[in-house]
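Structure data follow from start23.cif (mmCIF, C-alpha atoms):
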```cif
data_final
loop_
_atom_site.group_PDB
_atom_site.id
_atom_site.type_symbol
_atom_site.label_atom_id
_atom_site.label_comp_id
_atom_site.auth_asym_id
_atom_site.auth_seq_id
_atom_site.Cartn_x
_atom_site.Cartn_y
_atom_site.Cartn_z
ATOM 1 C CA MET A 1 -1.086 60.216 -27.905
ATOM 2 C CA LYS A 2 -3.852 57.901 -26.742
ATOM 3 C CA VAL A 3 -6.226 58.857 -23.910
ATOM 4 C CA LEU A 4 -8.445 56.073 -22.601
ATOM 5 C CA ALA A 5 -11.807 57.463 -21.467
ATOM 6 C CA ILE A 6 -13.772 55.502 -18.862
ATOM 7 C CA SER A 7 -17.359 56.369 -17.974
ATOM 8 C CA GLY A 8 -18.434 55.316 -14.499
ATOM 9 C CA SER A 9 -22.011 54.998 -15.692
ATOM 10 C CA LEU A 10 -23.350 51.852 -17.320
ATOM 11 C CA ARG A 11 -26.448 53.616 -18.665
ATOM 12 C CA ARG A 12 -26.649 53.717 -22.475
ATOM 13 C CA ASP A 13 -27.512 57.442 -22.655
ATOM 14 C CA SER A 14 -25.275 58.430 -19.760
ATOM 15 C CA HIS A 15 -24.433 62.100 -19.225
ATOM 16 C CA ASN A 16 -20.921 61.018 -18.239
ATOM 17 C CA THR A 17 -20.400 59.155 -21.490
ATOM 18 C CA ALA A 18 -21.631 62.296 -23.270
ATOM 19 C CA LEU A 19 -19.050 64.237 -21.262
ATOM 20 C CA LEU A 20 -16.337 61.922 -22.602
ATOM 21 C CA ARG A 21 -17.591 62.371 -26.157
ATOM 22 C CA ALA A 22 -17.332 66.127 -25.595
ATOM 23 C CA ALA A 23 -13.688 65.607 -24.591
ATOM 24 C CA ALA A 24 -13.004 63.909 -27.918
ATOM 25 C CA GLU A 25 -14.167 67.087 -29.645
ATOM 26 C CA LEU A 26 -12.124 69.367 -27.368
ATOM 27 C CA ALA A 27 -8.853 67.422 -27.288
ATOM 28 C CA PRO A 28 -6.163 68.875 -29.532
ATOM 29 C CA PRO A 29 -4.798 66.862 -32.430
ATOM 30 C CA PRO A 30 -3.085 64.414 -32.592
ATOM 31 C CA VAL A 31 -4.685 63.185 -29.343
ATOM 32 C CA GLU A 32 -6.815 60.098 -29.888
ATOM 33 C CA LEU A 33 -9.538 59.579 -27.296
ATOM 34 C CA GLU A 34 -10.859 56.019 -27.026
ATOM 35 C CA ILE A 35 -13.953 55.337 -24.908
ATOM 36 C CA PHE A 36 -13.688 52.048 -22.996
ATOM 37 C CA ASP A 37 -16.931 50.162 -23.533
ATOM 38 C CA GLY A 38 -16.327 47.125 -21.328
ATOM 39 C CA LEU A 39 -16.978 48.405 -17.802
ATOM 40 C CA LYS A 40 -20.142 46.322 -17.415
ATOM 41 C CA ALA A 41 -18.162 43.155 -18.235
ATOM 42 C CA VAL A 42 -15.531 43.704 -15.522
ATOM 43 C CA GLU A 43 -16.129 40.972 -12.973
ATOM 44 C CA PRO A 44 -16.440 41.732 -9.240
ATOM 45 C CA TYR A 45 -12.968 41.898 -7.733
ATOM 46 C CA ASP A 46 -11.929 38.703 -5.978
ATOM 47 C CA GLU A 47 -8.298 38.171 -5.082
ATOM 48 C CA ASP A 48 -8.773 34.425 -5.607
ATOM 49 C CA ASP A 49 -9.567 35.164 -9.273
ATOM 50 C CA ASP A 50 -6.617 37.520 -9.638
ATOM 51 C CA ARG A 51 -4.125 34.971 -10.898
ATOM 52 C CA GLY A 52 -2.743 34.817 -14.384
ATOM 53 C CA GLY A 53 -4.055 38.293 -15.180
ATOM 54 C CA GLY A 54 -7.552 37.742 -13.816
ATOM 55 C CA PRO A 55 -10.782 36.973 -15.674
ATOM 56 C CA ALA A 56 -11.498 38.242 -19.205
ATOM 57 C CA GLY A 57 -13.247 41.534 -18.376
ATOM 58 C CA ALA A 58 -10.585 42.562 -15.874
ATOM 59 C CA ARG A 59 -7.796 41.594 -18.296
ATOM 60 C CA ARG A 60 -9.357 43.679 -21.054
ATOM 61 C CA LEU A 61 -9.569 46.682 -18.702
ATOM 62 C CA ARG A 62 -5.967 46.315 -17.541
ATOM 63 C CA GLU A 63 -4.707 45.945 -21.112
ATOM 64 C CA ALA A 64 -6.638 49.029 -22.242
ATOM 65 C CA ILE A 65 -5.186 51.094 -19.389
ATOM 66 C CA GLU A 66 -1.657 49.815 -20.000
ATOM 67 C CA SER A 67 -1.833 50.674 -23.711
ATOM 68 C CA ALA A 68 -2.991 54.257 -23.047
ATOM 69 C CA ASP A 69 -0.769 57.250 -22.413
ATOM 70 C CA ALA A 70 -3.333 58.813 -20.060
ATOM 71 C CA ILE A 71 -6.758 58.115 -18.567
ATOM 72 C CA LEU A 72 -9.842 60.336 -18.413
ATOM 73 C CA VAL A 73 -12.557 59.194 -16.002
ATOM 74 C CA ALA A 74 -16.086 60.627 -15.995
ATOM 75 C CA THR A 75 -18.037 59.666 -12.910
ATOM 76 C CA PRO A 76 -21.632 60.094 -11.856
ATOM 77 C CA GLU A 77 -22.426 60.311 -8.161
ATOM 78 C CA TYR A 78 -24.373 57.536 -6.460
ATOM 79 C CA ASN A 79 -25.288 58.062 -2.805
ATOM 80 C CA SER A 80 -22.713 60.860 -2.504
ATOM 81 C CA SER A 81 -19.864 58.660 -3.717
ATOM 82 C CA ILE A 82 -18.267 56.753 -6.589
ATOM 83 C CA PRO A 83 -20.400 54.157 -8.426
ATOM 84 C CA GLY A 84 -19.668 50.557 -7.448
ATOM 85 C CA GLN A 85 -18.740 49.324 -10.921
ATOM 86 C CA LEU A 86 -16.204 52.124 -11.366
ATOM 87 C CA LYS A 87 -14.672 51.444 -7.948
ATOM 88 C CA ASN A 88 -14.537 47.746 -8.837
ATOM 89 C CA ALA A 89 -12.696 48.559 -12.081
ATOM 90 C CA ILE A 90 -10.174 50.694 -10.192
ATOM 91 C CA ASP A 91 -9.672 47.807 -7.744
ATOM 92 C CA TRP A 92 -8.830 45.423 -10.617
ATOM 93 C CA ALA A 93 -6.539 47.955 -12.294
ATOM 94 C CA SER A 94 -4.720 48.718 -9.025
ATOM 95 C CA ARG A 95 -3.413 45.211 -8.311
ATOM 96 C CA PRO A 96 -0.631 44.466 -7.456
ATOM 97 C CA LEU A 97 0.151 47.837 -5.905
ATOM 98 C CA ARG A 98 3.541 48.804 -7.323
ATOM 99 C CA ASP A 99 3.204 46.851 -10.544
ATOM 100 C CA ASN A 100 -0.270 47.688 -11.776
ATOM 101 C CA ALA A 101 -1.831 49.238 -14.861
ATOM 102 C CA LEU A 102 -2.476 52.548 -13.084
ATOM 103 C CA TRP A 103 0.990 52.962 -11.547
ATOM 104 C CA GLY A 104 2.412 56.280 -12.761
ATOM 105 C CA LYS A 105 -0.409 56.740 -15.283
ATOM 106 C CA PRO A 106 -1.629 60.350 -15.718
ATOM 107 C CA VAL A 107 -5.341 60.566 -14.844
ATOM 108 C CA ALA A 108 -7.975 63.295 -14.854
ATOM 109 C CA VAL A 109 -11.427 62.914 -13.301
ATOM 110 C CA VAL A 110 -14.523 64.832 -14.361
ATOM 111 C CA GLY A 111 -18.177 64.252 -13.599
ATOM 112 C CA ALA A 112 -21.756 65.051 -14.399
ATOM 113 C CA SER A 113 -24.970 64.625 -12.488
ATOM 114 C CA THR A 114 -28.529 65.846 -12.758
ATOM 115 C CA GLY A 115 -28.169 67.462 -9.328
ATOM 116 C CA MET A 116 -26.777 70.934 -8.838
ATOM 117 C CA PHE A 117 -23.323 69.950 -7.559
ATOM 118 C CA GLY A 118 -22.076 68.023 -10.590
ATOM 119 C CA ALA A 119 -20.748 64.901 -8.847
ATOM 120 C CA VAL A 120 -18.057 66.768 -6.888
ATOM 121 C CA TRP A 121 -17.962 64.196 -4.078
ATOM 122 C CA SER A 122 -17.595 61.233 -6.406
ATOM 123 C CA GLN A 123 -14.879 63.068 -8.337
ATOM 124 C CA ALA A 124 -12.985 63.601 -5.076
ATOM 125 C CA GLU A 125 -13.448 59.933 -4.105
ATOM 126 C CA ALA A 126 -12.274 58.751 -7.517
ATOM 127 C CA ARG A 127 -9.192 60.999 -7.394
ATOM 128 C CA LYS A 128 -8.359 59.707 -3.899
ATOM 129 C CA THR A 129 -8.717 56.053 -4.918
ATOM 130 C CA LEU A 130 -6.747 56.507 -8.136
ATOM 131 C CA ALA A 131 -3.929 58.348 -6.334
ATOM 132 C CA ALA A 132 -3.767 55.593 -3.696
ATOM 133 C CA SER A 133 -3.345 53.159 -6.603
ATOM 134 C CA GLY A 134 -0.233 54.983 -7.793
ATOM 135 C CA ALA A 135 -1.730 57.056 -10.607
ATOM 136 C CA ARG A 136 -0.579 60.642 -11.164
ATOM 137 C CA VAL A 137 -3.901 62.405 -10.681
ATOM 138 C CA ILE A 138 -4.753 65.945 -11.716
ATOM 139 C CA GLU A 139 -6.429 67.790 -8.850
ATOM 140 C CA GLN A 140 -8.763 69.912 -11.002
ATOM 141 C CA ASP A 141 -12.357 68.814 -11.251
ATOM 142 C CA LEU A 142 -15.132 69.611 -13.686
ATOM 143 C CA PRO A 143 -18.507 69.553 -11.928
ATOM 144 C CA ILE A 144 -21.276 69.471 -14.520
ATOM 145 C CA GLY A 145 -24.510 69.987 -12.610
ATOM 146 C CA HIS A 146 -27.995 69.752 -14.116
ATOM 147 C CA ALA A 147 -26.469 67.520 -16.782
ATOM 148 C CA ASP A 148 -29.862 66.827 -18.305
ATOM 149 C CA GLU A 149 -29.854 70.502 -19.413
ATOM 150 C CA THR A 150 -26.124 70.938 -20.106
ATOM 151 C CA PHE A 151 -25.556 69.332 -23.490
ATOM 152 C CA THR A 152 -26.722 70.598 -26.868
ATOM 153 C CA ALA A 153 -28.670 68.319 -29.211
ATOM 154 C CA GLY A 154 -25.334 67.574 -30.903
ATOM 155 C CA GLY A 155 -23.757 66.472 -27.608
ATOM 156 C CA ARG A 156 -21.573 69.555 -27.019
ATOM 157 C CA LEU A 157 -21.281 71.282 -23.676
ATOM 158 C CA ALA A 158 -23.550 74.292 -24.047
ATOM 159 C CA ASP A 159 -21.647 76.493 -21.584
ATOM 160 C CA ALA A 160 -18.474 78.123 -22.973
ATOM 161 C CA ASP A 161 -16.905 78.437 -19.493
ATOM 162 C CA GLN A 162 -17.349 74.702 -18.898
ATOM 163 C CA ARG A 163 -15.808 73.946 -22.303
ATOM 164 C CA ASP A 164 -12.853 76.232 -21.510
ATOM 165 C CA ARG A 165 -12.313 74.569 -18.133
ATOM 166 C CA TYR A 166 -12.509 71.145 -19.773
ATOM 167 C CA VAL A 167 -9.862 72.186 -22.314
ATOM 168 C CA GLU A 168 -7.598 73.307 -19.434
ATOM 169 C CA ILE A 169 -7.997 69.890 -17.765
ATOM 170 C CA LEU A 170 -7.306 68.061 -21.011
ATOM 171 C CA ASP A 171 -4.244 70.241 -21.674
ATOM 172 C CA GLU A 172 -2.914 69.508 -18.172
ATOM 173 C CA LEU A 173 -3.536 65.771 -18.639
ATOM 174 C CA ILE A 174 -1.713 65.766 -21.982
ATOM 175 C CA ALA A 175 1.199 67.772 -20.573
ATOM 176 C CA LEU A 176 1.493 65.327 -17.671
ATOM 177 C CA ALA A 177 1.464 62.377 -20.093
ATOM 178 C CA GLU A 178 4.250 63.986 -22.129
ATOM 179 C CA GLN A 179 6.501 64.180 -19.079
ATOM 180 C CA VAL A 180 8.846 61.272 -18.567
ATOM 181 C CA GLU A 181 9.312 60.473 -14.916
ATOM 182 C CA GLU A 182 11.829 58.226 -13.265
ATOM 183 C CA PRO A 183 10.352 55.387 -11.166
ATOM 184 C CA SER A 184 11.766 56.965 -7.971
ATOM 185 C CA GLU A 185 9.814 60.172 -8.715
ATOM 186 C CA ILE A 186 6.552 58.230 -9.063
ATOM 187 C CA ALA A 187 7.043 56.423 -5.759
ATOM 188 C CA ALA A 188 7.671 59.683 -3.871
#
```
Encoded form (structure tokens):
Amino acid sequence: MKVLAISGSLRRDSHNTALLRAAAELAPPPVELEIFDGLKAVEPYDEDDDRGGGPAGARRLREAIESADAILVATPEYNSSIPGQLKNAIDWASRPLRDNALWGKPVAVVGASTGMFGAVWSQAEARKTLAASGARVIEQDLPIGHADETFTAGGRLADADQRDRYVEILDELIALAEQVEEPSEIAA
């Protein structure tokens, strides 16, 4: 099973990218977690450009989502909401509505921030936007507050309770991806 991991942060040493790397360690075999590294190259959404699959960055994103069995999104929180580049990527992946890369795709959203609340608002915004796009979104969140103090030198989550909760989310995501749904069930 392939899980595509998308970090909503463009920063090289992002806490959210570290959170995705931690998922790779926690995911059970034979789950393969692939971190998408092209978010910065996804062009601003413009419906005029959305012909023939869209421009190169958007096409690469859509193809990566389509080839995955499930999606794991890690989002920081900017101004109490979802980062613009992540929202832009979701916009590209969500077109056209009932025939898009996200339609019926199992998705989990987690998040880390240096503040005390762990990006809970941006996680909620991301889940709302992804669900509106037709994805099957897990409602659990994983707020990692004080992210600058949360990871060990080796990149692991230091807190055992956070690791356990993350494993529960990953297990739910994998179980959802293993379910085969009829198209009428997805549309409901």
Once the PyMOL selection byres ((chain A and resi 94-111) around 6) has been evaluated on this model, what residues remain selected, and can you format them as number ranges by chain? A: 62, 65-66, 70-76, 90-93, 112, 119, 133-138, 141-143, 177, 186
Please produce a file of the residues just selected, as a PDB file, in the frame of the given file, where the atoms kept are C-alpha atoms.
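File out_23.pdb, as written:
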```pdb
ATOM      1  CA  ARG A  62      -5.967  46.315 -17.541  1.00  0.00           C
ATOM      2  CA  ILE A  65      -5.186  51.094 -19.389  1.00  0.00           C
ATOM      3  CA  GLU A  66      -1.657  49.815 -20.000  1.00  0.00           C
ATOM      4  CA  ALA A  70      -3.333  58.813 -20.060  1.00  0.00           C
ATOM      5  CA  ILE A  71      -6.758  58.115 -18.567  1.00  0.00           C
ATOM      6  CA  LEU A  72      -9.842  60.336 -18.413  1.00  0.00           C
ATOM      7  CA  VAL A  73     -12.557  59.194 -16.002  1.00  0.00           C
ATOM      8  CA  ALA A  74     -16.086  60.627 -15.995  1.00  0.00           C
ATOM      9  CA  THR A  75     -18.037  59.666 -12.910  1.00  0.00           C
ATOM     10  CA  PRO A  76     -21.632  60.094 -11.856  1.00  0.00           C
ATOM     11  CA  ILE A  90     -10.174  50.694 -10.192  1.00  0.00           C
ATOM     12  CA  ASP A  91      -9.672  47.807  -7.744  1.00  0.00           C
ATOM     13  CA  TRP A  92      -8.830  45.423 -10.617  1.00  0.00           C
ATOM     14  CA  ALA A  93      -6.539  47.955 -12.294  1.00  0.00           C
ATOM     15  CA  ALA A 112     -21.756  65.051 -14.399  1.00  0.00           C
ATOM     16  CA  ALA A 119     -20.748  64.901  -8.847  1.00  0.00           C
ATOM     17  CA  SER A 133      -3.345  53.159  -6.603  1.00  0.00           C
ATOM     18  CA  GLY A 134      -0.233  54.983  -7.793  1.00  0.00           C
ATOM     19  CA  ALA A 135      -1.730  57.056 -10.607  1.00  0.00           C
ATOM     20  CA  ARG A 136      -0.579  60.642 -11.164  1.00  0.00           C
ATOM     21  CA  VAL A 137      -3.901  62.405 -10.681  1.00  0.00           C
ATOM     22  CA  ILE A 138      -4.753  65.945 -11.716  1.00  0.00           C
ATOM     23  CA  ASP A 141     -12.357  68.814 -11.251  1.00  0.00           C
ATOM     24  CA  LEU A 142     -15.132  69.611 -13.686  1.00  0.00           C
ATOM     25  CA  PRO A 143     -18.507  69.553 -11.928  1.00  0.00           C
ATOM     26  CA  ALA A 177       1.464  62.377 -20.093  1.00  0.00           C
ATOM     27  CA  ILE A 186       6.552  58.230  -9.063  1.00  0.00           C
TER      28      ILE A 186
END
```
Expressed in Å to a single decimal, how great is the separation between CA of Glu34 in chain A and CA of Ser81 in chain A? 25.1 Å
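Interatomic distance, CA of Ala41 in chain A to CA of Arg127 in chain A: 22.7 Å.
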Just want the 10 Å neighbourhood of Ala147 in chain A, counted on only C-alpha atoms, with same-chain residues fewer than 3 positions away dropped. Output as a PyMOL selection string. chain A and resi 14-16+18-19+111-116+118+143-144+150-151+157
Determine the residue set returned by the PyMOL selection byres ((chain A and resi 1) around 10) for the present structure, and present it as an mmCIF file with C-alpha atoms, in the frame of the given file.
```
data_model
loop_
_atom_site.group_PDB
_atom_site.id
_atom_site.type_symbol
_atom_site.label_atom_id
_atom_site.label_comp_id
_atom_site.auth_asym_id
_atom_site.auth_seq_id
_atom_site.Cartn_x
_atom_site.Cartn_y
_atom_site.Cartn_z
ATOM 1 C CA LYS A 2 -3.852 57.901 -26.742
ATOM 2 C CA VAL A 3 -6.226 58.857 -23.910
ATOM 3 C CA LEU A 4 -8.445 56.073 -22.601
ATOM 4 C CA PRO A 29 -4.798 66.862 -32.430
ATOM 5 C CA PRO A 30 -3.085 64.414 -32.592
ATOM 6 C CA VAL A 31 -4.685 63.185 -29.343
ATOM 7 C CA GLU A 32 -6.815 60.098 -29.888
ATOM 8 C CA LEU A 33 -9.538 59.579 -27.296
ATOM 9 C CA ALA A 68 -2.991 54.257 -23.047
ATOM 10 C CA ASP A 69 -0.769 57.250 -22.413
ATOM 11 C CA ALA A 70 -3.333 58.813 -20.060
ATOM 12 C CA ILE A 174 -1.713 65.766 -21.982
ATOM 13 C CA ALA A 177 1.464 62.377 -20.093
ATOM 14 C CA GLU A 178 4.250 63.986 -22.129
#
```
Please enumerate the residues selected by the PyMOL selection byres ((chain A and resi 42) around 7) when evaluated against the supplied file, formatted as an mmCIF file with C-alpha atoms, in the frame of the given file.
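Final file, result-v4.cif:
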```
data_model
loop_
_atom_site.group_PDB
_atom_site.id
_atom_site.type_symbol
_atom_site.label_atom_id
_atom_site.label_comp_id
_atom_site.auth_asym_id
_atom_site.auth_seq_id
_atom_site.Cartn_x
_atom_site.Cartn_y
_atom_site.Cartn_z
ATOM 1 C CA GLY A 38 -16.327 47.125 -21.328
ATOM 2 C CA LEU A 39 -16.978 48.405 -17.802
ATOM 3 C CA LYS A 40 -20.142 46.322 -17.415
ATOM 4 C CA ALA A 41 -18.162 43.155 -18.235
ATOM 5 C CA GLU A 43 -16.129 40.972 -12.973
ATOM 6 C CA PRO A 44 -16.440 41.732 -9.240
ATOM 7 C CA GLY A 57 -13.247 41.534 -18.376
ATOM 8 C CA ALA A 58 -10.585 42.562 -15.874
ATOM 9 C CA ALA A 89 -12.696 48.559 -12.081
#
```
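Taking CA of Phe117 in chain A as the reference point, CA of Phe36 in chain A is found at 25.5 Å.
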Identify which of the residues A:Ala64, A:Ile82, A:Leu170, A:Leu130 lies closest to Ser9 in chain A, counting only C-alpha atoms when measuring atom-to-atom distances. A:Ile82
From the list A:Ala56, A:Ile169, A:Ala27, A:Leu10, which residue is nearest Gly84 in chain A when using only C-alpha atoms? A:Leu10
Rank A:Ala5, A:Ser122, A:Asp13, A:Gln140 by their smallest atom-to-atom distance to Ile35 in chain A, using all atoms listed in the file, and report the top residue only. A:Ala5
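Remark: for Tyr166 in chain A, the closest of the candidate residues A:Glu63, A:Glu25, A:Asp48, A:Glu125 is A:Glu25 (distances computed over only C-alpha atoms).
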Expected file content for range 57-169 of chain A, C-alpha atoms, as a compact mmCIF listing (two decimals), in the first residue's frame:
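Writing done, so here's out.txt:
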```txt
# COMPACT_ATOMS: atom_id res chain seq x y z
CA GLY A 57 3.65 21.14 -11.30
CA ALA A 58 -0.10 20.62 -11.02
CA ARG A 59 0.06 17.54 -13.28
CA ARG A 60 2.80 16.02 -11.15
CA LEU A 61 0.71 16.59 -8.00
CA ARG A 62 -2.42 15.09 -9.53
CA GLU A 63 -0.51 12.06 -10.82
CA ALA A 64 1.10 11.48 -7.42
CA ILE A 65 -2.29 11.61 -5.69
CA GLU A 66 -3.92 9.34 -8.27
CA SER A 67 -1.16 6.73 -7.91
CA ALA A 68 -1.47 6.61 -4.10
CA ASP A 69 -3.85 4.45 -2.11
CA ALA A 70 -4.19 7.12 0.60
CA ILE A 71 -2.99 10.62 1.45
CA LEU A 72 -1.45 11.96 4.66
CA VAL A 73 -1.32 15.75 4.96
CA ALA A 74 0.73 17.57 7.60
CA THR A 75 -0.17 21.23 7.86
CA PRO A 76 1.30 24.15 9.74
CA GLU A 77 -0.98 27.00 10.73
CA TYR A 78 -0.56 30.42 9.15
CA ASN A 79 -2.78 33.22 10.46
CA SER A 80 -5.11 30.67 12.10
CA SER A 81 -5.70 28.80 8.85
CA ILE A 82 -4.29 26.57 6.12
CA PRO A 83 -1.13 27.74 4.29
CA GLY A 84 -1.77 29.21 0.85
CA GLN A 85 0.41 26.78 -1.10
CA LEU A 86 -1.33 23.78 0.46
CA LYS A 87 -4.77 25.24 -0.28
CA ASN A 88 -3.61 25.93 -3.84
CA ALA A 89 -2.51 22.29 -4.22
CA ILE A 90 -5.88 21.06 -2.96
CA ASP A 91 -7.58 23.38 -5.47
CA TRP A 92 -5.61 21.83 -8.35
CA ALA A 93 -6.23 18.29 -7.12
CA SER A 94 -9.97 18.92 -6.66
CA ARG A 95 -10.80 19.81 -10.28
CA PRO A 96 -13.12 18.79 -11.89
CA LEU A 97 -15.31 18.04 -8.88
CA ARG A 98 -16.59 14.51 -9.46
CA ASP A 99 -13.66 13.35 -11.55
CA ASN A 100 -10.63 14.55 -9.65
CA ALA A 101 -7.55 13.01 -8.05
CA LEU A 102 -8.98 13.39 -4.53
CA TRP A 103 -12.43 11.93 -5.25
CA GLY A 104 -12.96 8.98 -2.90
CA LYS A 105 -9.33 9.04 -1.76
CA PRO A 106 -8.78 8.25 1.95
CA VAL A 107 -7.07 11.20 3.66
CA ALA A 108 -5.78 11.95 7.15
CA VAL A 109 -4.65 15.39 8.31
CA VAL A 110 -2.16 16.05 11.09
CA GLY A 111 -0.28 19.19 12.03
CA ALA A 112 2.51 20.76 14.00
CA SER A 113 3.22 24.29 15.07
CA THR A 114 5.54 26.03 17.49
CA GLY A 115 2.49 27.44 19.29
CA MET A 116 0.68 25.56 22.02
CA PHE A 117 -2.35 24.46 19.99
CA GLY A 118 -0.59 22.36 17.35
CA ALA A 119 -2.27 23.76 14.22
CA VAL A 120 -5.76 22.56 15.18
CA TRP A 121 -7.52 25.27 13.16
CA SER A 122 -5.56 24.60 10.00
CA GLN A 123 -6.15 20.86 10.40
CA ALA A 124 -9.90 21.53 10.62
CA GLU A 125 -9.75 23.82 7.56
CA ALA A 126 -7.78 21.25 5.58
CA ARG A 127 -10.21 18.45 6.50
CA LYS A 128 -13.16 20.65 5.47
CA THR A 129 -11.60 21.57 2.11
CA LEU A 130 -10.54 17.99 1.36
CA ALA A 131 -13.99 16.62 2.23
CA ALA A 132 -15.64 19.24 -0.01
CA SER A 133 -13.36 17.96 -2.78
CA GLY A 134 -14.76 14.45 -2.44
CA ALA A 135 -12.02 12.85 -0.35
CA ARG A 136 -12.90 10.41 2.43
CA VAL A 137 -11.39 12.28 5.36
CA ILE A 138 -10.62 10.88 8.79
CA GLU A 139 -11.97 13.18 11.49
CA GLN A 140 -9.18 12.55 14.03
CA ASP A 141 -6.50 15.18 14.34
CA LEU A 142 -3.01 15.15 15.79
CA PRO A 143 -2.14 18.56 17.24
CA ILE A 144 1.60 18.74 17.85
CA GLY A 145 2.18 21.94 19.80
CA HIS A 146 5.60 23.36 20.69
CA ALA A 147 6.95 21.43 17.71
CA ASP A 148 10.39 22.95 18.15
CA GLU A 149 10.64 20.87 21.37
CA THR A 150 8.68 17.79 20.28
CA PHE A 151 11.09 15.79 18.14
CA THR A 152 14.17 13.90 19.29
CA ALA A 153 17.54 14.51 17.61
CA GLY A 154 16.76 11.46 15.45
CA GLY A 155 13.45 12.97 14.29
CA ARG A 156 11.12 10.77 16.38
CA LEU A 157 8.16 12.12 18.30
CA ALA A 158 9.44 12.28 21.86
CA ASP A 159 6.02 11.81 23.49
CA ALA A 160 4.76 8.20 23.61
CA ASP A 161 1.10 9.31 23.77
CA GLN A 162 1.52 11.36 20.59
CA ARG A 163 3.19 8.40 18.87
CA ASP A 164 0.33 6.11 19.96
CA ARG A 165 -2.29 8.56 18.68
CA TYR A 166 -0.40 8.88 15.40
CA VAL A 167 -0.37 5.08 15.02
CA GLU A 168 -4.16 5.04 15.58
CA ILE A 169 -4.62 7.65 12.82
```
